[in-house]
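**Student:** Please find structure-v8.cif (mmCIF, C-alpha atoms and all ligand atoms) on the next line:
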```cif
data_input
#
loop_
_atom_site.group_PDB
_atom_site.id
_atom_site.type_symbol
_atom_site.label_atom_id
_atom_site.label_comp_id
_atom_site.auth_asym_id
_atom_site.auth_seq_id
_atom_site.Cartn_x
_atom_site.Cartn_y
_atom_site.Cartn_z
ATOM 1 C CA MET A 1 5.816 74.419 -49.354
ATOM 2 C CA GLU A 2 4.913 71.193 -47.518
ATOM 3 C CA LYS A 3 4.572 71.042 -43.733
ATOM 4 C CA THR A 4 7.442 68.531 -43.393
ATOM 5 C CA GLU A 5 9.648 70.695 -45.590
ATOM 6 C CA ILE A 6 9.255 73.834 -43.500
ATOM 7 C CA LEU A 7 9.692 71.902 -40.255
ATOM 8 C CA GLY A 8 12.905 70.445 -41.688
ATOM 9 C CA ILE A 9 14.146 73.917 -42.630
ATOM 10 C CA LEU A 10 13.391 75.213 -39.120
ATOM 11 C CA SER A 11 15.317 72.308 -37.644
ATOM 12 C CA ARG A 12 18.241 73.110 -39.976
ATOM 13 C CA CYS A 13 18.169 76.785 -38.910
ATOM 14 C CA ILE A 14 18.607 75.656 -35.278
ATOM 15 C CA VAL A 15 21.522 73.374 -36.196
ATOM 16 C CA ASP A 16 23.116 76.194 -38.213
ATOM 17 C CA GLY A 17 22.465 78.648 -35.356
ATOM 18 C CA ASP A 18 20.883 81.025 -37.842
ATOM 19 C CA ALA A 19 18.737 83.408 -35.799
ATOM 20 C CA ASN A 20 18.036 85.657 -38.793
ATOM 21 C CA ARG A 21 16.878 82.991 -41.237
ATOM 22 C CA ILE A 22 14.774 81.254 -38.587
ATOM 23 C CA LYS A 23 12.622 84.359 -38.153
ATOM 24 C CA ILE A 24 11.680 84.299 -41.846
ATOM 25 C CA TYR A 25 10.677 80.639 -41.717
ATOM 26 C CA ILE A 26 8.776 80.952 -38.444
ATOM 27 C CA ARG A 27 6.712 83.654 -40.134
ATOM 28 C CA ASP A 28 6.122 81.327 -43.110
ATOM 29 C CA ALA A 29 5.171 78.411 -40.858
ATOM 30 C CA LEU A 30 2.657 80.550 -38.983
ATOM 31 C CA ARG A 31 1.274 81.798 -42.298
ATOM 32 C CA MET A 32 0.819 78.136 -43.274
ATOM 33 C CA GLN A 33 -1.351 77.749 -40.147
ATOM 34 C CA LEU A 34 1.052 75.417 -38.364
ATOM 35 C CA SER A 35 0.412 75.573 -34.626
ATOM 36 C CA ALA A 36 3.079 76.993 -32.328
ATOM 37 C CA MET A 37 3.286 73.616 -30.548
ATOM 38 C CA THR A 38 3.867 71.785 -33.846
ATOM 39 C CA ILE A 39 6.576 74.276 -34.788
ATOM 40 C CA LEU A 40 8.196 73.887 -31.373
ATOM 41 C CA ASN A 41 7.942 70.114 -31.021
ATOM 42 C CA GLU A 42 8.404 69.001 -34.623
ATOM 43 C CA GLY A 43 10.700 71.743 -35.962
ATOM 44 C CA LEU A 44 12.759 73.404 -33.247
ATOM 45 C CA MET A 45 13.220 70.606 -30.700
ATOM 46 C CA PRO A 46 14.489 68.046 -33.265
ATOM 47 C CA GLY A 47 17.094 70.647 -34.277
ATOM 48 C CA MET A 48 18.177 70.998 -30.625
ATOM 49 C CA SER A 49 18.472 67.193 -30.398
ATOM 50 C CA VAL A 50 20.760 67.141 -33.441
ATOM 51 C CA ILE A 51 23.016 69.872 -32.033
ATOM 52 C CA GLY A 52 22.960 68.061 -28.664
ATOM 53 C CA ARG A 53 24.238 64.847 -30.270
ATOM 54 C CA GLN A 54 26.893 66.728 -32.245
ATOM 55 C CA PHE A 55 27.977 68.480 -29.024
ATOM 56 C CA ARG A 56 28.181 65.168 -27.157
ATOM 57 C CA ASP A 57 30.299 63.658 -29.954
ATOM 58 C CA ASN A 58 32.601 66.720 -30.095
ATOM 59 C CA ASP A 59 31.526 67.473 -33.676
ATOM 60 C CA VAL A 60 30.569 70.994 -32.544
ATOM 61 C CA TYR A 61 31.695 73.075 -29.569
ATOM 62 C CA VAL A 62 30.185 75.609 -27.134
ATOM 63 C CA PRO A 63 30.070 78.562 -29.617
ATOM 64 C CA GLU A 64 27.928 76.578 -32.081
ATOM 65 C CA VAL A 65 25.626 75.456 -29.256
ATOM 66 C CA ILE A 66 25.253 79.053 -28.066
ATOM 67 C CA MET A 67 24.294 80.110 -31.595
ATOM 68 C CA ALA A 68 21.729 77.291 -31.751
ATOM 69 C CA ALA A 69 20.383 78.403 -28.366
ATOM 70 C CA GLN A 70 20.101 81.987 -29.643
ATOM 71 C CA ALA A 71 18.220 80.807 -32.736
ATOM 72 C CA LEU A 72 15.841 78.835 -30.503
ATOM 73 C CA ALA A 73 15.320 81.853 -28.241
ATOM 74 C CA ALA A 74 14.579 84.094 -31.255
ATOM 75 C CA ALA A 75 12.048 81.573 -32.582
ATOM 76 C CA VAL A 76 10.367 81.106 -29.203
ATOM 77 C CA LYS A 77 10.072 84.890 -28.816
ATOM 78 C CA MET A 78 8.117 85.010 -32.071
ATOM 79 C CA LEU A 79 5.953 82.066 -31.041
ATOM 80 C CA LYS A 80 5.192 83.503 -27.612
ATOM 81 C CA PRO A 81 1.806 85.058 -28.508
ATOM 82 C CA PHE A 82 0.735 81.740 -30.045
ATOM 83 C CA LEU A 83 1.876 79.523 -27.182
ATOM 84 C CA VAL A 84 -0.913 80.813 -25.023
ATOM 85 C CA ASP A 85 -4.244 79.090 -24.783
ATOM 86 C CA ARG A 86 -7.409 81.067 -24.593
ATOM 87 C CA CYS A 87 -7.807 81.152 -20.844
ATOM 88 C CA THR A 88 -7.178 84.294 -18.889
ATOM 89 C CA GLY A 89 -7.454 85.140 -15.227
ATOM 90 C CA ASN A 90 -5.169 84.180 -12.429
ATOM 91 C CA ARG A 91 -4.676 80.483 -11.846
ATOM 92 C CA GLY A 92 -2.011 81.060 -9.215
ATOM 93 C CA LYS A 93 1.640 81.949 -8.958
ATOM 94 C CA VAL A 94 4.615 79.839 -10.067
ATOM 95 C CA MET A 95 8.206 80.585 -9.132
ATOM 96 C CA LEU A 96 10.833 79.146 -11.472
ATOM 97 C CA ALA A 97 14.570 78.662 -10.975
ATOM 98 C CA THR A 98 17.456 76.736 -12.484
ATOM 99 C CA VAL A 99 19.461 74.959 -9.779
ATOM 100 C CA PRO A 100 22.947 76.082 -8.615
ATOM 101 C CA ASP A 101 25.896 75.532 -10.989
ATOM 102 C CA ASP A 102 23.531 75.055 -13.943
ATOM 103 C CA ILE A 103 23.046 77.793 -16.538
ATOM 104 C CA HIS A 104 20.714 75.960 -18.941
ATOM 105 C CA ASP A 105 17.531 77.982 -19.165
ATOM 106 C CA LEU A 106 15.874 77.514 -22.573
ATOM 107 C CA GLY A 107 13.465 74.837 -21.329
ATOM 108 C CA LYS A 108 12.619 76.806 -18.190
ATOM 109 C CA ASN A 109 11.944 79.913 -20.262
ATOM 110 C CA ILE A 110 9.583 78.020 -22.587
ATOM 111 C CA LEU A 111 7.792 76.626 -19.548
ATOM 112 C CA GLY A 112 7.444 80.156 -18.129
ATOM 113 C CA ILE A 113 5.840 81.394 -21.349
ATOM 114 C CA MET A 114 3.413 78.476 -21.444
ATOM 115 C CA LEU A 115 2.472 78.854 -17.783
ATOM 116 C CA GLU A 116 1.703 82.539 -18.368
ATOM 117 C CA GLY A 117 -0.354 81.493 -21.354
ATOM 118 C CA ALA A 118 -2.315 79.124 -19.157
ATOM 119 C CA GLY A 119 -3.187 81.955 -16.753
ATOM 120 C CA PHE A 120 -0.456 81.681 -14.091
ATOM 121 C CA SER A 121 1.637 84.591 -12.948
ATOM 122 C CA VAL A 122 5.292 83.623 -13.182
ATOM 123 C CA VAL A 123 8.274 84.810 -11.171
ATOM 124 C CA ASP A 124 11.528 83.669 -12.772
ATOM 125 C CA LEU A 125 14.585 83.759 -10.511
ATOM 126 C CA GLY A 126 16.934 82.883 -13.382
ATOM 127 C CA VAL A 127 19.812 80.412 -13.457
ATOM 128 C CA ASP A 128 22.353 79.145 -10.925
ATOM 129 C CA VAL A 129 20.029 80.071 -8.066
ATOM 130 C CA PRO A 130 21.146 79.114 -4.539
ATOM 131 C CA ALA A 131 18.697 77.683 -1.994
ATOM 132 C CA SER A 132 19.055 80.783 0.202
ATOM 133 C CA ARG A 133 17.783 83.039 -2.597
ATOM 134 C CA ILE A 134 14.880 80.683 -3.294
ATOM 135 C CA VAL A 135 13.829 80.746 0.369
ATOM 136 C CA LYS A 136 14.070 84.545 0.516
ATOM 137 C CA ALA A 137 11.958 84.866 -2.630
ATOM 138 C CA LEU A 138 9.393 82.391 -1.270
ATOM 139 C CA GLU A 139 8.882 84.714 1.681
ATOM 140 C CA THR A 140 8.251 87.767 -0.477
ATOM 141 C CA GLU A 141 6.450 86.175 -3.429
ATOM 142 C CA ARG A 142 4.458 83.391 -1.702
ATOM 143 C CA PRO A 143 3.983 81.289 -4.852
ATOM 144 C CA ASP A 144 1.666 78.275 -5.043
ATOM 145 C CA ILE A 145 4.243 76.272 -6.985
ATOM 146 C CA LEU A 146 8.050 76.191 -7.033
ATOM 147 C CA GLY A 147 9.373 74.842 -10.342
ATOM 148 C CA LEU A 148 13.014 73.728 -10.359
ATOM 149 C CA SER A 149 14.854 73.093 -13.604
ATOM 150 C CA CYS A 150 17.943 70.876 -13.654
ATOM 151 C CA THR A 151 19.750 69.884 -16.861
ATOM 152 C CA LEU A 152 23.150 68.643 -15.704
ATOM 153 C CA THR A 153 23.430 65.268 -13.999
ATOM 154 C CA ILE A 154 26.046 66.605 -11.570
ATOM 155 C CA THR A 155 23.689 69.309 -10.305
ATOM 156 C CA LEU A 156 20.892 66.882 -9.375
ATOM 157 C CA THR A 157 22.224 66.715 -5.823
ATOM 158 C CA HIS A 158 21.354 70.395 -5.374
ATOM 159 C CA ILE A 159 17.659 69.609 -5.775
ATOM 160 C CA LYS A 160 17.717 67.434 -2.689
ATOM 161 C CA GLU A 161 19.382 70.208 -0.675
ATOM 162 C CA ILE A 162 16.992 72.860 -1.979
ATOM 163 C CA ILE A 163 13.925 70.801 -1.086
ATOM 164 C CA MET A 164 15.273 70.212 2.427
ATOM 165 C CA VAL A 165 15.954 73.899 2.999
ATOM 166 C CA VAL A 166 12.634 74.944 1.466
ATOM 167 C CA ARG A 167 10.628 72.532 3.612
ATOM 168 C CA GLN A 168 12.352 73.797 6.783
ATOM 169 C CA ALA A 169 11.462 77.417 6.006
ATOM 170 C CA PRO A 170 8.032 78.605 7.178
ATOM 171 C CA ALA A 171 7.281 80.074 3.727
ATOM 172 C CA GLY A 172 8.183 76.788 2.031
ATOM 173 C CA ARG A 173 6.104 74.244 3.949
ATOM 174 C CA GLN A 174 3.011 74.514 1.778
ATOM 175 C CA VAL A 175 4.518 75.293 -1.632
ATOM 176 C CA LYS A 176 4.073 72.541 -4.231
ATOM 177 C CA ILE A 177 7.328 71.455 -5.821
ATOM 178 C CA LEU A 178 7.452 70.700 -9.543
ATOM 179 C CA LEU A 179 10.632 69.280 -11.064
ATOM 180 C CA GLY A 180 11.858 69.091 -14.638
ATOM 181 C CA GLY A 181 14.811 69.376 -16.988
ATOM 182 C CA LEU A 182 16.883 66.879 -18.928
ATOM 183 C CA SER A 183 18.525 65.101 -15.979
ATOM 184 C CA VAL A 184 15.404 64.693 -13.826
ATOM 185 C CA THR A 185 13.457 61.428 -13.975
ATOM 186 C CA PRO A 186 10.063 60.610 -12.440
ATOM 187 C CA ARG A 187 11.832 58.202 -10.104
ATOM 188 C CA PHE A 188 14.279 60.859 -8.945
ATOM 189 C CA ALA A 189 11.447 63.365 -8.436
ATOM 190 C CA LYS A 190 9.614 60.866 -6.247
ATOM 191 C CA SER A 191 12.747 59.972 -4.278
ATOM 192 C CA VAL A 192 13.352 63.601 -3.241
ATOM 193 C CA GLY A 193 9.746 64.168 -2.265
ATOM 194 C CA ALA A 194 8.720 66.483 -5.102
ATOM 195 C CA ASP A 195 4.994 66.892 -5.668
ATOM 196 C CA ALA A 196 5.216 66.425 -9.440
ATOM 197 C CA TYR A 197 7.484 65.983 -12.432
ATOM 198 C CA GLY A 198 6.981 67.332 -15.949
ATOM 199 C CA ILE A 199 8.773 65.707 -18.856
ATOM 200 C CA ASP A 200 8.102 68.711 -21.076
ATOM 201 C CA ALA A 201 6.506 72.126 -20.851
ATOM 202 C CA SER A 202 3.041 70.976 -22.006
ATOM 203 C CA VAL A 203 2.898 68.192 -19.438
ATOM 204 C CA ALA A 204 4.263 70.555 -16.803
ATOM 205 C CA VAL A 205 1.445 73.047 -17.424
ATOM 206 C CA GLN A 206 -1.119 70.249 -16.965
ATOM 207 C CA LYS A 207 0.586 69.208 -13.712
ATOM 208 C CA ALA A 208 0.610 72.809 -12.499
ATOM 209 C CA LEU A 209 -3.094 73.167 -13.267
ATOM 210 C CA SER A 210 -3.840 69.946 -11.337
ATOM 211 C CA MET A 211 -1.764 71.171 -8.404
ATOM 212 C CA VAL A 212 -3.675 74.397 -7.989
ATOM 213 C CA SER A 213 -7.060 72.773 -8.517
ATOM 214 C CA GLY A 214 -6.168 70.140 -5.915
ATOM 215 C CA SER A 215 -6.979 67.235 -8.236
ATOM 216 C CA LYS A 216 -4.943 64.034 -8.368
ATOM 217 C CA LEU A 217 -1.704 64.346 -10.402
HETATM 218 C C1 LIG B 1 21.877 74.508 -25.320
HETATM 219 C C2 LIG B 1 22.848 73.710 -24.475
HETATM 220 C C3 LIG B 1 23.832 74.415 -23.767
HETATM 221 C C4 LIG B 1 23.925 75.952 -23.764
HETATM 222 C C5 LIG B 1 22.854 76.471 -22.771
HETATM 223 C C6 LIG B 1 22.249 77.777 -23.227
HETATM 224 C C7 LIG B 1 21.045 78.137 -22.380
HETATM 225 N N1 LIG B 1 20.826 79.436 -22.283
HETATM 226 O O1 LIG B 1 20.332 77.311 -21.834
HETATM 227 C C8 LIG B 1 25.395 76.164 -23.276
HETATM 228 C C9 LIG B 1 26.315 76.249 -24.469
HETATM 229 C C10 LIG B 1 25.628 77.395 -22.392
HETATM 230 C C11 LIG B 1 25.664 74.838 -22.558
HETATM 231 C C12 LIG B 1 26.668 74.689 -21.633
HETATM 232 C C13 LIG B 1 27.011 73.463 -21.064
HETATM 233 N N2 LIG B 1 26.469 72.264 -21.341
HETATM 234 CO CO1 LIG B 1 24.853 72.045 -22.413
HETATM 235 N N3 LIG B 1 23.582 71.579 -23.675
HETATM 236 C C14 LIG B 1 22.779 72.272 -24.432
HETATM 237 C C15 LIG B 1 21.909 71.350 -25.321
HETATM 238 C C16 LIG B 1 22.555 71.275 -26.709
HETATM 239 C C17 LIG B 1 20.449 71.718 -25.456
HETATM 240 C C18 LIG B 1 19.695 71.953 -24.135
HETATM 241 C C19 LIG B 1 18.395 72.680 -24.447
HETATM 242 O O2 LIG B 1 18.296 73.883 -24.262
HETATM 243 N N4 LIG B 1 17.425 71.956 -24.985
HETATM 244 C C20 LIG B 1 16.145 72.561 -25.431
HETATM 245 C C21 LIG B 1 15.196 72.765 -24.244
HETATM 246 C C22 LIG B 1 13.914 73.448 -24.720
HETATM 247 O O3 LIG B 1 14.894 71.477 -23.744
HETATM 248 P P1 LIG B 1 15.006 71.101 -22.201
HETATM 249 O O4 LIG B 1 16.047 71.919 -21.532
HETATM 250 O O5 LIG B 1 15.122 69.628 -22.064
HETATM 251 O O6 LIG B 1 13.616 71.593 -21.592
HETATM 252 C C23 LIG B 1 12.388 70.882 -21.745
HETATM 253 C C24 LIG B 1 12.134 69.849 -20.637
HETATM 254 O O7 LIG B 1 13.328 69.302 -20.087
HETATM 255 C C25 LIG B 1 11.253 70.556 -19.666
HETATM 256 N N5 LIG B 1 11.820 71.368 -18.586
HETATM 257 C C26 LIG B 1 12.955 72.099 -18.563
HETATM 258 N N6 LIG B 1 13.053 72.750 -17.395
HETATM 259 C C27 LIG B 1 11.965 72.444 -16.666
HETATM 260 C C28 LIG B 1 11.578 72.830 -15.373
HETATM 261 C C29 LIG B 1 10.400 72.326 -14.843
HETATM 262 C C30 LIG B 1 9.985 72.758 -13.482
HETATM 263 C C31 LIG B 1 9.616 71.395 -15.580
HETATM 264 C C32 LIG B 1 8.416 70.811 -14.987
HETATM 265 C C33 LIG B 1 9.990 71.020 -16.874
HETATM 266 C C34 LIG B 1 11.165 71.544 -17.408
HETATM 267 O O8 LIG B 1 10.484 71.409 -20.478
HETATM 268 C C35 LIG B 1 11.292 71.938 -21.532
HETATM 269 C C36 LIG B 1 10.467 72.238 -22.753
HETATM 270 O O9 LIG B 1 9.678 71.155 -23.145
HETATM 271 C C37 LIG B 1 22.032 69.991 -24.530
HETATM 272 C C38 LIG B 1 21.852 68.719 -25.355
HETATM 273 C C39 LIG B 1 20.496 68.061 -25.186
HETATM 274 N N7 LIG B 1 20.362 66.891 -25.716
HETATM 275 O O10 LIG B 1 19.598 68.557 -24.531
HETATM 276 C C40 LIG B 1 23.429 70.120 -23.899
HETATM 277 C C41 LIG B 1 23.738 69.409 -22.564
HETATM 278 C C42 LIG B 1 22.563 69.541 -21.639
HETATM 279 N N8 LIG B 1 24.876 70.168 -22.039
HETATM 280 C C43 LIG B 1 25.739 69.421 -21.470
HETATM 281 C C44 LIG B 1 26.957 69.881 -20.882
HETATM 282 C C45 LIG B 1 27.904 68.815 -20.355
HETATM 283 C C46 LIG B 1 27.253 71.261 -20.815
HETATM 284 C C47 LIG B 1 28.531 71.900 -20.243
HETATM 285 C C48 LIG B 1 29.076 71.263 -18.941
HETATM 286 C C49 LIG B 1 29.583 71.862 -21.371
HETATM 287 C C50 LIG B 1 30.940 72.395 -21.024
HETATM 288 N N9 LIG B 1 31.916 71.512 -21.144
HETATM 289 O O11 LIG B 1 31.105 73.537 -20.685
HETATM 290 C C51 LIG B 1 28.088 73.361 -20.034
HETATM 291 C C52 LIG B 1 27.490 73.548 -18.625
HETATM 292 C C53 LIG B 1 27.323 74.959 -18.225
HETATM 293 C C54 LIG B 1 26.570 75.031 -16.913
HETATM 294 N N10 LIG B 1 27.288 75.282 -15.828
HETATM 295 O O12 LIG B 1 25.382 74.862 -16.867
HETATM 296 C C55 LIG B 1 25.331 67.958 -21.472
HETATM 297 C C56 LIG B 1 24.790 67.503 -20.109
HETATM 298 C C57 LIG B 1 25.204 66.094 -19.748
HETATM 299 C C58 LIG B 1 24.622 65.713 -18.438
HETATM 300 N N11 LIG B 1 23.733 64.740 -18.450
HETATM 301 O O13 LIG B 1 24.945 66.256 -17.427
HETATM 302 C C59 LIG B 1 24.300 67.923 -22.644
HETATM 303 C C60 LIG B 1 23.217 66.839 -22.522
HETATM 304 C C61 LIG B 1 25.129 67.739 -23.950
HETATM 305 C C62 LIG B 1 25.742 66.359 -24.089
HETATM 306 N N12 LIG B 1 25.104 65.494 -24.843
HETATM 307 O O14 LIG B 1 26.757 66.092 -23.550
HETATM 308 N N13 LIG B 1 24.817 73.872 -22.983
#
```
Translate this structure into structure tokens?

**Tutor:**
Amino acid sequence: MEKTEILGILSRCIVDGDANRIKIYIRDALRMQLSAMTILNEGLMPGMSVIGRQFRDNDVYVPEVIMAAQALAAAVKMLKPFLVDRCTGNRGKVMLATVPDDIHDLGKNILGIMLEGAGFSVVDLGVDVPASRIVKALETERPDILGLSCTLTITLTHIKEIIMVVRQAPAGRQVKILLGGLSVTPRFAKSVGADAYGIDASVAVQKALSMVSGSKL
């Protein structure tokens, strides 16, 4: 089978929400020596874009999107050991959270896996996380970086509030803030005083590495 063919099939499995079939083809793709990043970026993500467009146009509804999300999660679980680079050791601690009123977490979860692969320890607070819980967790966990994920446009306002509350808390003054998710733009990240923005998980890992090494972002 050709590389483009298997990537197309993987994309189709996402659109069909077929978590069983996708496992078979992920295994095949890995056997064909395709890298986990190629599988993710050129097979799985295009499938999510298709389902996203269909969802926007009301051609599919929430149940189909949930099935696509489950297929993506199953595929990412299998790719996890291959999404790590060779480095080990502790680069620092990252705390991740999806903002209040937002339950999208697939992107955040992929980022968490890739950060662990790059040598960070990751504390994931989950989805729909209020500022108060973030501040409490900052006190106990003392991470180097706080990564906030925001997918919905209407929940962007929460980021502003969270950053304000975090910066007022003693445990939050020094933490570096990294923003990402579909609705966040570089301009927005700058306007709310975030330290960095990551358009995707690979870029975000590079930004996180720069943050802990103190180099220019
Ligand atoms: C899957 C999905 C769902 C699933 C979520 C399942 C889950 N566990 O996450 C379900 C069905 C639950 C869902 C629900 C809803 N959804 Co939805 N959903 C999607 C869909 C199809 C894909 C999102 C996704 O997971 N993409 C794949 C991941 C891997 O990509 P990603 O999230 O962008 O993450 C990457 C980067 O953004 C970045 N990143 C992500 N997080 C972070 C964090 C940091 C710190 C950094 C640095 C980087 C980073 O790295 C990731 C990997 O590279 C999108 C369509 C689309 N085009 O994206 C709509 C979409 C996001 N949903 C949308 C909407 C409107 C909804 C609902 C309101 C629908 C409804 N009427 O109920 C609800 C909202 C529920 C809620 N309160 O949150 C809209 C949002 C519109 C907007 N701009 O606000 C979209 C765009 C669909 C559309 N075209 O209309 N959804």

**Student:** Let me see if you get this right: every residue at most 8 Å from ligand LIG 1 (chain B), counting all atoms listed in the file, written as a ChimeraX atom specification.

**Tutor:** /A:45,48-57,62-66,68-70,96-98,101-111,128,146-155,178-183,196-205

**Student:** Write out the residues from the selection above, keeping C-alpha atoms, as a short mmCIF file (atom, residue, chain, number, x, y, z; two decimals), keeping the file's coordinate frame.

**Tutor:**
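Dumped to selection-v8.cif:
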```
data_model
loop_
_atom_site.label_atom_id
_atom_site.label_comp_id
_atom_site.auth_asym_id
_atom_site.auth_seq_id
_atom_site.Cartn_x
_atom_site.Cartn_y
_atom_site.Cartn_z
CA MET A 45 13.22 70.61 -30.70
CA MET A 48 18.18 71.00 -30.62
CA SER A 49 18.47 67.19 -30.40
CA VAL A 50 20.76 67.14 -33.44
CA ILE A 51 23.02 69.87 -32.03
CA GLY A 52 22.96 68.06 -28.66
CA ARG A 53 24.24 64.85 -30.27
CA GLN A 54 26.89 66.73 -32.24
CA PHE A 55 27.98 68.48 -29.02
CA ARG A 56 28.18 65.17 -27.16
CA ASP A 57 30.30 63.66 -29.95
CA VAL A 62 30.18 75.61 -27.13
CA PRO A 63 30.07 78.56 -29.62
CA GLU A 64 27.93 76.58 -32.08
CA VAL A 65 25.63 75.46 -29.26
CA ILE A 66 25.25 79.05 -28.07
CA ALA A 68 21.73 77.29 -31.75
CA ALA A 69 20.38 78.40 -28.37
CA GLN A 70 20.10 81.99 -29.64
CA LEU A 96 10.83 79.15 -11.47
CA ALA A 97 14.57 78.66 -10.98
CA THR A 98 17.46 76.74 -12.48
CA ASP A 101 25.90 75.53 -10.99
CA ASP A 102 23.53 75.06 -13.94
CA ILE A 103 23.05 77.79 -16.54
CA HIS A 104 20.71 75.96 -18.94
CA ASP A 105 17.53 77.98 -19.16
CA LEU A 106 15.87 77.51 -22.57
CA GLY A 107 13.46 74.84 -21.33
CA LYS A 108 12.62 76.81 -18.19
CA ASN A 109 11.94 79.91 -20.26
CA ILE A 110 9.58 78.02 -22.59
CA LEU A 111 7.79 76.63 -19.55
CA ASP A 128 22.35 79.14 -10.92
CA LEU A 146 8.05 76.19 -7.03
CA GLY A 147 9.37 74.84 -10.34
CA LEU A 148 13.01 73.73 -10.36
CA SER A 149 14.85 73.09 -13.60
CA CYS A 150 17.94 70.88 -13.65
CA THR A 151 19.75 69.88 -16.86
CA LEU A 152 23.15 68.64 -15.70
CA THR A 153 23.43 65.27 -14.00
CA ILE A 154 26.05 66.60 -11.57
CA THR A 155 23.69 69.31 -10.30
CA LEU A 178 7.45 70.70 -9.54
CA LEU A 179 10.63 69.28 -11.06
CA GLY A 180 11.86 69.09 -14.64
CA GLY A 181 14.81 69.38 -16.99
CA LEU A 182 16.88 66.88 -18.93
CA SER A 183 18.52 65.10 -15.98
CA ALA A 196 5.22 66.42 -9.44
CA TYR A 197 7.48 65.98 -12.43
CA GLY A 198 6.98 67.33 -15.95
CA ILE A 199 8.77 65.71 -18.86
CA ASP A 200 8.10 68.71 -21.08
CA ALA A 201 6.51 72.13 -20.85
CA SER A 202 3.04 70.98 -22.01
CA VAL A 203 2.90 68.19 -19.44
CA ALA A 204 4.26 70.56 -16.80
CA VAL A 205 1.44 73.05 -17.42
#
```

**Student:** Counting all atoms listed in the file, figure out which residue out of A:Leu34, A:Val15, A:Val122, A:Ile22 gets nearest to Gly92 in chain A.

**Tutor:**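 Smallest separation from Gly92 in chain A among the options: A:Val122.
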
**Student:** Separation of CA of Asn41 in chain A and CA of Val76 in chain A, in Å?

**Tutor:**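 Interatomic distance here is 11.4 Å.
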
**Student:** With distances taken over all atoms listed in the file, which of A:Thr157, A:Thr4, A:Ser11, A:Ser210 is nearest to Ser191 in chain A?

**Tutor:**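 Counting all atoms listed in the file, the residue closest to Ser191 in chain A is A:Thr157.
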
**Student:** How many Å separate CA of His158 in chain A from CA of Lys93 in chain A?

**Tutor:**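 Between CA of His158 in chain A and CA of Lys93 in chain A the gap works out to 23.1 Å.
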
**Student:** Please define a box with edges along x, y and z of the file around all atoms of range 147-159 of chain A given in the file, extend it by 6 Å on each side, and return its centre and edge lengths in Å to one decimal, as JSON.

**Tutor:**
```
{"center_x": 17.7, "center_y": 70.1, "center_z": -11.1, "size_x": 28.7, "size_y": 21.6, "size_z": 23.5}
```

**Student:** How far is it from CA of Leu209 in chain A to CA of Arg91 in chain A, in Å with one decimal?

**Tutor:**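 Here the two named atoms are 7.6 Å from each other.
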
**Student:** Pick out the residues sitting within 9 Å of Met1 in chain A, and hand them over as a ChimeraX atom specification; count all atoms listed in the file, and ignore anything fewer than 4 positions along from it in its own chain.

**Tutor:** /A:5-6,32

**Student:** Apply the PyMOL selection byres (((chain A and resi 118-120) around 10) and not hetatm) to the structure shown and report the selected residues as a PDB file with C-alpha atoms, in the coordinates of the input.

**Tutor:**
```
ATOM      1  CA  LEU A  83       1.876  79.523 -27.182  1.00  0.00           C
ATOM      2  CA  VAL A  84      -0.913  80.813 -25.023  1.00  0.00           C
ATOM      3  CA  ASP A  85      -4.244  79.090 -24.783  1.00  0.00           C
ATOM      4  CA  ARG A  86      -7.409  81.067 -24.593  1.00  0.00           C
ATOM      5  CA  CYS A  87      -7.807  81.152 -20.844  1.00  0.00           C
ATOM      6  CA  THR A  88      -7.178  84.294 -18.889  1.00  0.00           C
ATOM      7  CA  GLY A  89      -7.454  85.140 -15.227  1.00  0.00           C
ATOM      8  CA  ASN A  90      -5.169  84.180 -12.429  1.00  0.00           C
ATOM      9  CA  ARG A  91      -4.676  80.483 -11.846  1.00  0.00           C
ATOM     10  CA  GLY A  92      -2.011  81.060  -9.215  1.00  0.00           C
ATOM     11  CA  LYS A  93       1.640  81.949  -8.958  1.00  0.00           C
ATOM     12  CA  VAL A  94       4.615  79.839 -10.067  1.00  0.00           C
ATOM     13  CA  GLY A 112       7.444  80.156 -18.129  1.00  0.00           C
ATOM     14  CA  ILE A 113       5.840  81.394 -21.349  1.00  0.00           C
ATOM     15  CA  MET A 114       3.413  78.476 -21.444  1.00  0.00           C
ATOM     16  CA  LEU A 115       2.472  78.854 -17.783  1.00  0.00           C
ATOM     17  CA  GLU A 116       1.703  82.539 -18.368  1.00  0.00           C
ATOM     18  CA  GLY A 117      -0.354  81.493 -21.354  1.00  0.00           C
ATOM     19  CA  SER A 121       1.637  84.591 -12.948  1.00  0.00           C
ATOM     20  CA  VAL A 122       5.292  83.623 -13.182  1.00  0.00           C
ATOM     21  CA  VAL A 123       8.274  84.810 -11.171  1.00  0.00           C
ATOM     22  CA  ASP A 144       1.666  78.275  -5.043  1.00  0.00           C
ATOM     23  CA  VAL A 205       1.445  73.047 -17.424  1.00  0.00           C
ATOM     24  CA  GLN A 206      -1.119  70.249 -16.965  1.00  0.00           C
ATOM     25  CA  ALA A 208       0.610  72.809 -12.499  1.00  0.00           C
ATOM     26  CA  LEU A 209      -3.094  73.167 -13.267  1.00  0.00           C
TER      27      LEU A 209
END
```

**Student:** Closest to Asp195 in chain A among A:Val166, A:Val212, A:Ile177, A:Ile134, using only C-alpha atoms?

**Tutor:**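 Nearest candidate to Asp195 in chain A out of A:Val166, A:Val212, A:Ile177, A:Ile134: A:Ile177.
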
**Student:** Identify the residues within 10 Å of coordinate (18.0, 83.0, -31.6) (same frame as the file), considering only C-alpha atoms, and give the answer as a list of chain:residue names.

**Tutor:**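 Result, sorted by chain then residue number: A:Cys13, A:Ile14, A:Gly17, A:Asp18, A:Ala19, A:Asn20, A:Arg21, A:Ile22, A:Lys23, A:Ile66, A:Met67, A:Ala68, A:Ala69, A:Gln70, A:Ala71, A:Leu72, A:Ala73, A:Ala74, A:Ala75, A:Val76, A:Lys77.
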